[in-house]
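Chemist: Input: one structure, supplied below.
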Amino acid sequence: MAESEEEVDVLVQRVVKDINSAFKKNPNIDEIGVIPCPEARYNRSPIVLVENKLGMESWCIKFLLPFVHNKLLLYRQRKQWLDREALIDITCTLLLLNADFTTAWNVRKELVQCGALNPEKDLYLGKLVLTKFPKSPETWIHRRWVLQQVLRQCRPCPQGAEHKEMGQVEQGQAQGAAQAEQLQRLLQEEMQVCSDAAGRYPSNYNAWSHRIWVLQNLARGNLKILHDELSSMKLWVSMHVSDHSGFHYRQFLLKALVGEITQAVEIPCAALQAATNQHCAHWPNEDGLVTATVPELFDDEMELCTDLIETYPGHETLWCHRRHVFFLWHHWRKEHLQSGGHPPSPLNHTDEMFGSSLDASLDRSVQAMDIDLAPDSGRQGGYTQDTKRLKRGPMQACPGLPSEHSFVTKILHSCRNTEQGRFAAAYRKWLDSVIGQ
């Protein structure tokens with residue numbers, strides 16, 4: 001065991017070198033961790049690399065962390081000079097041990113700005129840090145900053161058309177396609193990083209907030225991505241019924257989809273009026289396929305809430321989510337009816353589809369839509385939500401105040417869970433005091 005200051009310096013420098021060598025030896029490391037080991041039992045490196053996992057024996061941390069910490073502070077105070085490669089190694093080692101050391105992240109920002117550090121390599125380090133510190137706020141903040149730099153690089157430079165030749169145009173098109181592919185890959189990687197961090201730490205608010213930020217900046221207004229996220233998150237929230245942050249993300253997706261769909265549909269509906277009402281009832285995604293309307297989105301979400309509440313009684317998160325979804329539906333319908341110039345109708349008659357006019361003829365449109373939702377006869381197997389609804393009977397009207405009261409009454413009469421009864425009674429009180437006024 002090293003005791004003198006010189007021996008500690010030699011030991012720490014060797015460990016830092018071993019960490020750097022491990023990353024060069026295996027560039028596909030996907031997880032880091034600490035191996036419980038109070039003492040150095042063997043004369044070997046404390047850095048262990050097995051497959052794609054990097055481990056560090058715990059005995060060396062008490063020597064390594066103070067060394068790299070002091071070395072970086074001396075550099076910031078201009079009392080010691082370090083070249084760029086040494087800075088990259090020192091900050092990498094330090095952040096693997098202490099993810100919330102802001103000075104280290106700021107040094108790496110400077111390295112990215114001067115071109116000494118590739119932004120993608122910095123994102124890779126952040127991904128590894130999050131495997132050990134999945135809730136680290138400084139890591140998520142720095143990750144957003146790096147993504148902003150990448151987005152700024154991908155932004156096309158405006159040039160006058162008169163100065164562009166044919167070769168330059170073709171080169172610009174190829175460059176634009178490469179940048180679009182890079183952004184698509186970044187989006188997929190960020191979604192995976194957020195999912196991994198959310199799985200490692202329950203109710204990981206920082207991870208879900210970062211996921212919202214990514215959609216707002218990398219996929220703004222993309223209906224297909226928003227709808228795919230809403231569909232893919234259904235399984236996750238079904239397996240994490242107490243994770244409020246995951247349901248909050250789902251509420252964001254629902255609200256964003258409602259806003260985008262309403263904005264995309266109201267303009268053509270107002271121009272074409274009742275004659276094109278059927279064409280305004282659905283919005284196409286990027287593949288030209290037809291997906292759900294706003295009432296269908298709310299109906300599916302309320303059905304998901306019902307299934308989860310009945311399957312997993314006593315979880316307050318599910319009741320809070322149901323309250324938020326019904327509140328969004330109530331206000332969307334109220335604003336939509338007011339914009340259409342019609343007086344509000346009772347909440348138990350909320351099956352009207354949006355268009356330039358809302359009248360009694362839309363009842364037939366809803367019935368026709370139920371037939372359109374039938375699964376393709378050529379599709380073999382599969383148990384989709386559409387087949388589930390068809391087996392239950394015709395699609396019910398969108399949720400209203402009487403249907404919610406009926407649901408609460410059913411829960412109160414059938415449940416044996418004390419917490420479930422308390423949450424149901426609180427939800428009924430909220431319905432009467434907020435929605436029923």
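As shown in the structure tokens, the chain order sets the letters A, B, ...; within each chain, residues go from 1, and ligands are also counted from 1 in the order they appear.
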List the neighbours of segment 405-415 of chain A out to 9 Å using only C-alpha atoms; skip same-chain residues closer than 4 positions along the sequence, and give me the result as a PyMOL selection string.
Modeler: chain A and resi 306+310+313+400-401+420-422+424-425+427-428+431
Chemist: Mind the document's chain letters and residue numbers, and return as a PyMOL selection string the residues of segment 27-244 of chain A that DSSP labels strand (DSSP E).
Modeler: chain A and resi 31-35+47-50+53-57
Chemist: Restricting the calculation to only C-alpha atoms: of A:Lys53, A:Glu189, A:Trp59, A:Pro27, which residue gets closest to Ala40 of chain A?
Modeler: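 Checking each of A:Lys53, A:Glu189, A:Trp59, A:Pro27 against Ala40 of chain A, counting only C-alpha atoms, the winner is A:Trp59.
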Chemist: Please list as a ChimeraX atom specification every residue within 9 Å of Leu218 of chain A, counting only C-alpha atoms and excluding residues in the same chain fewer than 6 positions away.
Modeler: /A:151,183-184,186-187
Chemist: Could you give me, as a list in words, the residues within 8 Å of segment 11-17 of chain A, counting only C-alpha atoms and dropping anything in the same chain fewer than 4 positions from it?
Modeler: Ala2, Glu7, Ser21, Ser45, Pro46, Ile47, Phe63, Leu64, Phe67, Asp89, Ile90 and Thr93 of chain A
Chemist: Just to be explicit: take each residue in the selection above, keep N, CA and C atoms, and write the result as a compact mmCIF listing (two decimals), in the first residue's frame.
Modeler:
```txt
# COMPACT_ATOMS: atom_id res chain seq x y z
N ALA A 2 0.62 2.14 -0.89
CA ALA A 2 1.41 3.36 -0.98
C ALA A 2 1.12 4.25 0.22
N GLU A 7 4.82 8.04 -3.59
CA GLU A 7 4.22 6.77 -3.97
C GLU A 7 2.76 6.94 -4.38
N SER A 21 -6.21 3.81 -20.96
CA SER A 21 -5.89 2.63 -21.79
C SER A 21 -7.11 1.73 -21.95
N SER A 45 -3.40 -3.71 -11.25
CA SER A 45 -4.15 -2.47 -11.45
C SER A 45 -5.55 -2.59 -10.84
N PRO A 46 -6.04 -1.51 -10.21
CA PRO A 46 -7.40 -1.54 -9.65
C PRO A 46 -8.49 -1.36 -10.70
N ILE A 47 -8.10 -1.17 -11.95
CA ILE A 47 -9.07 -0.99 -13.04
C ILE A 47 -9.33 -2.35 -13.67
N PHE A 63 -7.38 7.70 -2.82
CA PHE A 63 -6.16 8.32 -3.32
C PHE A 63 -6.41 9.05 -4.63
N LEU A 64 -7.24 8.46 -5.47
CA LEU A 64 -7.42 8.98 -6.82
C LEU A 64 -8.24 10.27 -6.84
N PHE A 67 -6.46 13.51 -5.67
CA PHE A 67 -5.36 13.86 -6.58
C PHE A 67 -5.87 14.59 -7.82
N ASP A 89 -8.00 13.59 -19.91
CA ASP A 89 -7.87 12.41 -19.05
C ASP A 89 -8.24 12.73 -17.60
N ILE A 90 -7.77 13.88 -17.10
CA ILE A 90 -8.03 14.24 -15.71
C ILE A 90 -9.53 14.46 -15.49
N THR A 93 -11.49 11.11 -15.58
CA THR A 93 -11.35 10.35 -14.34
C THR A 93 -12.14 10.99 -13.20
```
Chemist: If you run DSSP over the backbone, which residues in segment 23-219 of chain A end up helix (DSSP H, G or I)? Put them as an NGL selection string.
Modeler: :A and (23-25 or 58-76 or 84-97 or 102-113 or 119-132 or 137-154 or 161-163 or 166-200 or 205-218)
Chemist: Between A:Gln179, A:Ser136, A:Gln188, A:Ser238, which residue has the minimum interatomic distance to Ile225 of chain A, considering only C-alpha atoms?
Modeler: A:Gln188
Chemist: Select, from A:Leu223, A:Lys71, A:Leu254, A:Cys60, the residue with the minimum atom-to-atom distance to Val8 of chain A, counting only C-alpha atoms.
Modeler: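 So, comparing all the options, the nearest one is A:Cys60.
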Chemist: I'd like to know which of A:Leu125, A:Tyr42, A:Lys79, A:Trp145 is closest to Lys109 of chain A, using only C-alpha atoms.
Modeler: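 Of the candidates, the smallest distance to Lys109 of chain A is held by A:Trp145.
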Chemist: Near Glu316 of chain A, within 12 Å and counting only C-alpha atoms, which residues show up once chain neighbours fewer than 2 positions away are dropped, as a list in words?
Modeler: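 Residues meeting the cut-off are Val241, Ser242, Asp243, His244, Phe247, Cys305, Leu308, Ile309, Tyr312, Pro313, Gly314, Leu318, Trp319, Cys320, His321, Arg322, Arg323, Thr418, Glu419, Gln420, Gly421, Arg422, Phe423, Ala424, Ala425, Ala426 and Tyr427 of chain A.
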Chemist: Next, the residues of the selection above should be written as a short mmCIF file (atom, residue, chain, number, x, y, z; two decimals), in the first residue's frame with N, CA, C and O atoms.
Modeler:
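Output file selection08.cif follows:
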```cif
data_model
loop_
_atom_site.label_atom_id
_atom_site.label_comp_id
_atom_site.auth_asym_id
_atom_site.auth_seq_id
_atom_site.Cartn_x
_atom_site.Cartn_y
_atom_site.Cartn_z
N VAL A 241 -45.88 1.70 -12.26
CA VAL A 241 -47.14 2.40 -11.99
C VAL A 241 -47.01 3.42 -10.86
O VAL A 241 -47.95 4.20 -10.64
N SER A 242 -45.88 3.46 -10.17
CA SER A 242 -45.69 4.45 -9.11
C SER A 242 -44.70 5.54 -9.51
O SER A 242 -44.37 6.40 -8.69
N ASP A 243 -44.24 5.52 -10.75
CA ASP A 243 -43.25 6.51 -11.21
C ASP A 243 -43.99 7.71 -11.79
O ASP A 243 -44.43 7.71 -12.94
N HIS A 244 -44.12 8.74 -10.97
CA HIS A 244 -44.88 9.92 -11.41
C HIS A 244 -44.18 10.65 -12.55
O HIS A 244 -44.85 11.22 -13.42
N PHE A 247 -45.23 9.25 -15.90
CA PHE A 247 -46.57 9.65 -16.28
C PHE A 247 -46.61 11.14 -16.63
O PHE A 247 -47.39 11.56 -17.49
N CYS A 305 -55.74 4.34 -18.20
CA CYS A 305 -55.86 4.66 -16.77
C CYS A 305 -56.79 3.69 -16.06
O CYS A 305 -56.49 3.21 -14.96
N LEU A 308 -55.10 0.25 -15.62
CA LEU A 308 -54.04 0.24 -14.61
C LEU A 308 -54.59 0.41 -13.20
O LEU A 308 -54.11 -0.24 -12.27
N ILE A 309 -55.59 1.27 -13.03
CA ILE A 309 -56.17 1.48 -11.71
C ILE A 309 -56.84 0.20 -11.21
O ILE A 309 -56.74 -0.16 -10.03
N TYR A 312 -53.80 -2.48 -10.68
CA TYR A 312 -52.86 -2.15 -9.61
C TYR A 312 -53.53 -1.17 -8.64
O TYR A 312 -53.30 0.04 -8.73
N PRO A 313 -54.36 -1.64 -7.74
CA PRO A 313 -55.05 -0.73 -6.82
C PRO A 313 -54.11 -0.12 -5.79
O PRO A 313 -53.12 -0.73 -5.40
N GLY A 314 -54.47 1.10 -5.37
CA GLY A 314 -53.73 1.73 -4.29
C GLY A 314 -52.53 2.54 -4.70
O GLY A 314 -51.68 2.83 -3.85
N LEU A 318 -51.44 6.81 -10.41
CA LEU A 318 -52.43 6.51 -11.46
C LEU A 318 -53.64 7.44 -11.35
O LEU A 318 -54.17 7.90 -12.37
N TRP A 319 -54.07 7.73 -10.15
CA TRP A 319 -55.21 8.64 -9.97
C TRP A 319 -54.83 10.07 -10.34
O TRP A 319 -55.64 10.80 -10.92
N CYS A 320 -53.63 10.48 -10.01
CA CYS A 320 -53.17 11.82 -10.41
C CYS A 320 -53.10 11.94 -11.93
O CYS A 320 -53.46 12.98 -12.49
N HIS A 321 -52.64 10.88 -12.57
CA HIS A 321 -52.57 10.91 -14.04
C HIS A 321 -53.98 10.98 -14.64
O HIS A 321 -54.21 11.74 -15.60
N ARG A 322 -54.91 10.21 -14.10
CA ARG A 322 -56.27 10.26 -14.61
C ARG A 322 -56.88 11.66 -14.44
O ARG A 322 -57.58 12.16 -15.33
N ARG A 323 -56.60 12.26 -13.32
CA ARG A 323 -57.10 13.61 -13.08
C ARG A 323 -56.56 14.59 -14.11
O ARG A 323 -57.29 15.43 -14.64
N THR A 418 -57.73 -0.12 1.12
CA THR A 418 -58.07 1.13 1.81
C THR A 418 -57.56 2.35 1.05
O THR A 418 -58.28 3.35 0.89
N GLU A 419 -56.32 2.27 0.57
CA GLU A 419 -55.75 3.39 -0.17
C GLU A 419 -56.52 3.64 -1.47
O GLU A 419 -56.74 4.79 -1.85
N GLN A 420 -56.93 2.59 -2.13
CA GLN A 420 -57.69 2.73 -3.37
C GLN A 420 -59.00 3.48 -3.10
O GLN A 420 -59.38 4.38 -3.87
N GLY A 421 -59.69 3.13 -2.03
CA GLY A 421 -60.93 3.82 -1.70
C GLY A 421 -60.70 5.28 -1.36
O GLY A 421 -61.50 6.15 -1.73
N ARG A 422 -59.59 5.58 -0.69
CA ARG A 422 -59.30 6.97 -0.34
C ARG A 422 -58.99 7.79 -1.58
O ARG A 422 -59.45 8.92 -1.72
N PHE A 423 -58.22 7.22 -2.51
CA PHE A 423 -57.90 7.93 -3.74
C PHE A 423 -59.15 8.13 -4.61
O PHE A 423 -59.31 9.18 -5.24
N ALA A 424 -60.01 7.13 -4.66
CA ALA A 424 -61.24 7.25 -5.44
C ALA A 424 -62.15 8.33 -4.86
O ALA A 424 -62.75 9.13 -5.61
N ALA A 425 -62.28 8.39 -3.54
CA ALA A 425 -63.11 9.42 -2.92
C ALA A 425 -62.54 10.81 -3.17
O ALA A 425 -63.29 11.77 -3.42
N ALA A 426 -61.21 10.94 -3.12
CA ALA A 426 -60.58 12.23 -3.40
C ALA A 426 -60.79 12.64 -4.86
O ALA A 426 -61.00 13.82 -5.15
N TYR A 427 -60.75 11.67 -5.75
CA TYR A 427 -60.98 11.97 -7.17
C TYR A 427 -62.42 12.43 -7.40
O TYR A 427 -62.66 13.37 -8.16
#
```
Chemist: Counting only C-alpha atoms, what is within 9 Å of Met302 of chain A, bar same-chain residues fewer than 3 positions away, as a PyMOL selection string?
Modeler: chain A and resi 297-299+305-307+322+325-326+398-399
Chemist: Separation of atom CA of Leu111 of chain A and atom CA of Leu123 of chain A, in Å?
Modeler: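 Between atom CA of Leu111 of chain A and atom CA of Leu123 of chain A the gap works out to 13.2 Å.
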Chemist: Quick one: residues within 9 Å of Phe133 of chain A, only C-alpha atoms, excluding same-chain residues fewer than 2 positions away - as a PyMOL selection string?
Modeler: chain A and resi 96+98-99+128-131+135-136+139+197+201
Chemist: Could the residues in this selection be written to a file with all heavy atoms, as an mmCIF file, in the first residue's frame?
Modeler:
```
data_model
loop_
_atom_site.group_PDB
_atom_site.id
_atom_site.type_symbol
_atom_site.label_atom_id
_atom_site.label_comp_id
_atom_site.auth_asym_id
_atom_site.auth_seq_id
_atom_site.Cartn_x
_atom_site.Cartn_y
_atom_site.Cartn_z
ATOM 1 N N LEU A 96 -15.942 10.467 -13.582
ATOM 2 C CA LEU A 96 -16.355 9.089 -13.313
ATOM 3 C C LEU A 96 -16.497 8.826 -11.820
ATOM 4 O O LEU A 96 -17.214 7.917 -11.408
ATOM 5 C CB LEU A 96 -15.356 8.110 -13.917
ATOM 6 C CG LEU A 96 -15.301 8.050 -15.451
ATOM 7 C CD1 LEU A 96 -14.215 7.071 -15.890
ATOM 8 C CD2 LEU A 96 -16.640 7.659 -16.047
ATOM 9 N N ASN A 98 -16.966 11.713 -9.495
ATOM 10 C CA ASN A 98 -17.825 12.771 -8.948
ATOM 11 C C ASN A 98 -18.502 13.481 -10.110
ATOM 12 O O ASN A 98 -17.946 14.397 -10.712
ATOM 13 C CB ASN A 98 -16.997 13.745 -8.118
ATOM 14 C CG ASN A 98 -17.841 14.835 -7.483
ATOM 15 O OD1 ASN A 98 -19.071 14.784 -7.523
ATOM 16 N ND2 ASN A 98 -17.195 15.825 -6.889
ATOM 17 N N ALA A 99 -19.719 13.061 -10.412
ATOM 18 C CA ALA A 99 -20.395 13.557 -11.612
ATOM 19 C C ALA A 99 -20.868 14.996 -11.486
ATOM 20 O O ALA A 99 -21.106 15.655 -12.500
ATOM 21 C CB ALA A 99 -21.598 12.659 -11.930
ATOM 22 N N LEU A 128 -21.755 7.272 -19.958
ATOM 23 C CA LEU A 128 -21.138 6.374 -18.988
ATOM 24 C C LEU A 128 -21.330 6.888 -17.562
ATOM 25 O O LEU A 128 -21.598 6.110 -16.643
ATOM 26 C CB LEU A 128 -19.651 6.217 -19.292
ATOM 27 C CG LEU A 128 -19.283 5.454 -20.557
ATOM 28 C CD1 LEU A 128 -17.773 5.376 -20.692
ATOM 29 C CD2 LEU A 128 -19.871 4.049 -20.525
ATOM 30 N N VAL A 129 -21.175 8.182 -17.366
ATOM 31 C CA VAL A 129 -21.353 8.756 -16.034
ATOM 32 C C VAL A 129 -22.766 8.495 -15.521
ATOM 33 O O VAL A 129 -22.978 8.196 -14.341
ATOM 34 C CB VAL A 129 -21.046 10.271 -16.066
ATOM 35 C CG1 VAL A 129 -21.459 10.930 -14.764
ATOM 36 C CG2 VAL A 129 -19.564 10.512 -16.324
ATOM 37 N N LEU A 130 -23.745 8.569 -16.412
ATOM 38 C CA LEU A 130 -25.134 8.362 -16.009
ATOM 39 C C LEU A 130 -25.434 6.914 -15.637
ATOM 40 O O LEU A 130 -26.440 6.647 -14.984
ATOM 41 C CB LEU A 130 -26.073 8.816 -17.132
ATOM 42 C CG LEU A 130 -26.127 10.332 -17.365
ATOM 43 C CD1 LEU A 130 -26.914 10.654 -18.617
ATOM 44 C CD2 LEU A 130 -26.729 11.043 -16.158
ATOM 45 N N THR A 131 -24.594 5.981 -16.048
ATOM 46 C CA THR A 131 -24.800 4.600 -15.603
ATOM 47 C C THR A 131 -24.491 4.435 -14.120
ATOM 48 O O THR A 131 -25.024 3.536 -13.471
ATOM 49 C CB THR A 131 -23.924 3.633 -16.411
ATOM 50 O OG1 THR A 131 -22.544 3.948 -16.207
ATOM 51 C CG2 THR A 131 -24.252 3.719 -17.896
ATOM 52 N N LYS A 135 -29.022 10.309 -11.805
ATOM 53 C CA LYS A 135 -29.795 11.508 -11.497
ATOM 54 C C LYS A 135 -28.927 12.760 -11.418
ATOM 55 O O LYS A 135 -29.414 13.818 -11.003
ATOM 56 C CB LYS A 135 -30.542 11.304 -10.170
ATOM 57 C CG LYS A 135 -31.771 12.177 -10.009
ATOM 58 C CD LYS A 135 -32.491 11.903 -8.712
ATOM 59 C CE LYS A 135 -33.715 12.807 -8.572
ATOM 60 N NZ LYS A 135 -34.429 12.573 -7.296
ATOM 61 N N SER A 136 -27.684 12.682 -11.822
ATOM 62 C CA SER A 136 -26.758 13.803 -11.700
ATOM 63 C C SER A 136 -27.243 15.010 -12.495
ATOM 64 O O SER A 136 -27.260 14.987 -13.737
ATOM 65 C CB SER A 136 -25.372 13.383 -12.202
ATOM 66 O OG SER A 136 -24.535 14.506 -12.361
ATOM 67 N N THR A 139 -24.619 16.569 -14.984
ATOM 68 C CA THR A 139 -24.386 15.761 -16.191
ATOM 69 C C THR A 139 -25.463 16.022 -17.230
ATOM 70 O O THR A 139 -25.170 16.167 -18.426
ATOM 71 C CB THR A 139 -24.345 14.272 -15.821
ATOM 72 O OG1 THR A 139 -23.372 14.064 -14.804
ATOM 73 C CG2 THR A 139 -23.988 13.424 -17.033
ATOM 74 N N ALA A 197 -31.442 5.618 -17.806
ATOM 75 C CA ALA A 197 -31.335 6.359 -16.546
ATOM 76 C C ALA A 197 -32.628 6.271 -15.743
ATOM 77 O O ALA A 197 -32.601 6.145 -14.513
ATOM 78 C CB ALA A 197 -30.987 7.823 -16.832
ATOM 79 N N TYR A 201 -32.953 4.664 -11.767
ATOM 80 C CA TYR A 201 -33.335 5.487 -10.620
ATOM 81 C C TYR A 201 -34.822 5.792 -10.718
ATOM 82 O O TYR A 201 -35.261 6.422 -11.682
ATOM 83 C CB TYR A 201 -32.522 6.780 -10.590
ATOM 84 C CG TYR A 201 -32.551 7.496 -9.259
ATOM 85 C CD1 TYR A 201 -31.499 7.383 -8.367
ATOM 86 C CD2 TYR A 201 -33.644 8.277 -8.887
ATOM 87 C CE1 TYR A 201 -31.503 8.036 -7.152
ATOM 88 C CE2 TYR A 201 -33.661 8.925 -7.668
ATOM 89 C CZ TYR A 201 -32.594 8.818 -6.807
ATOM 90 O OH TYR A 201 -32.614 9.450 -5.594
#
```
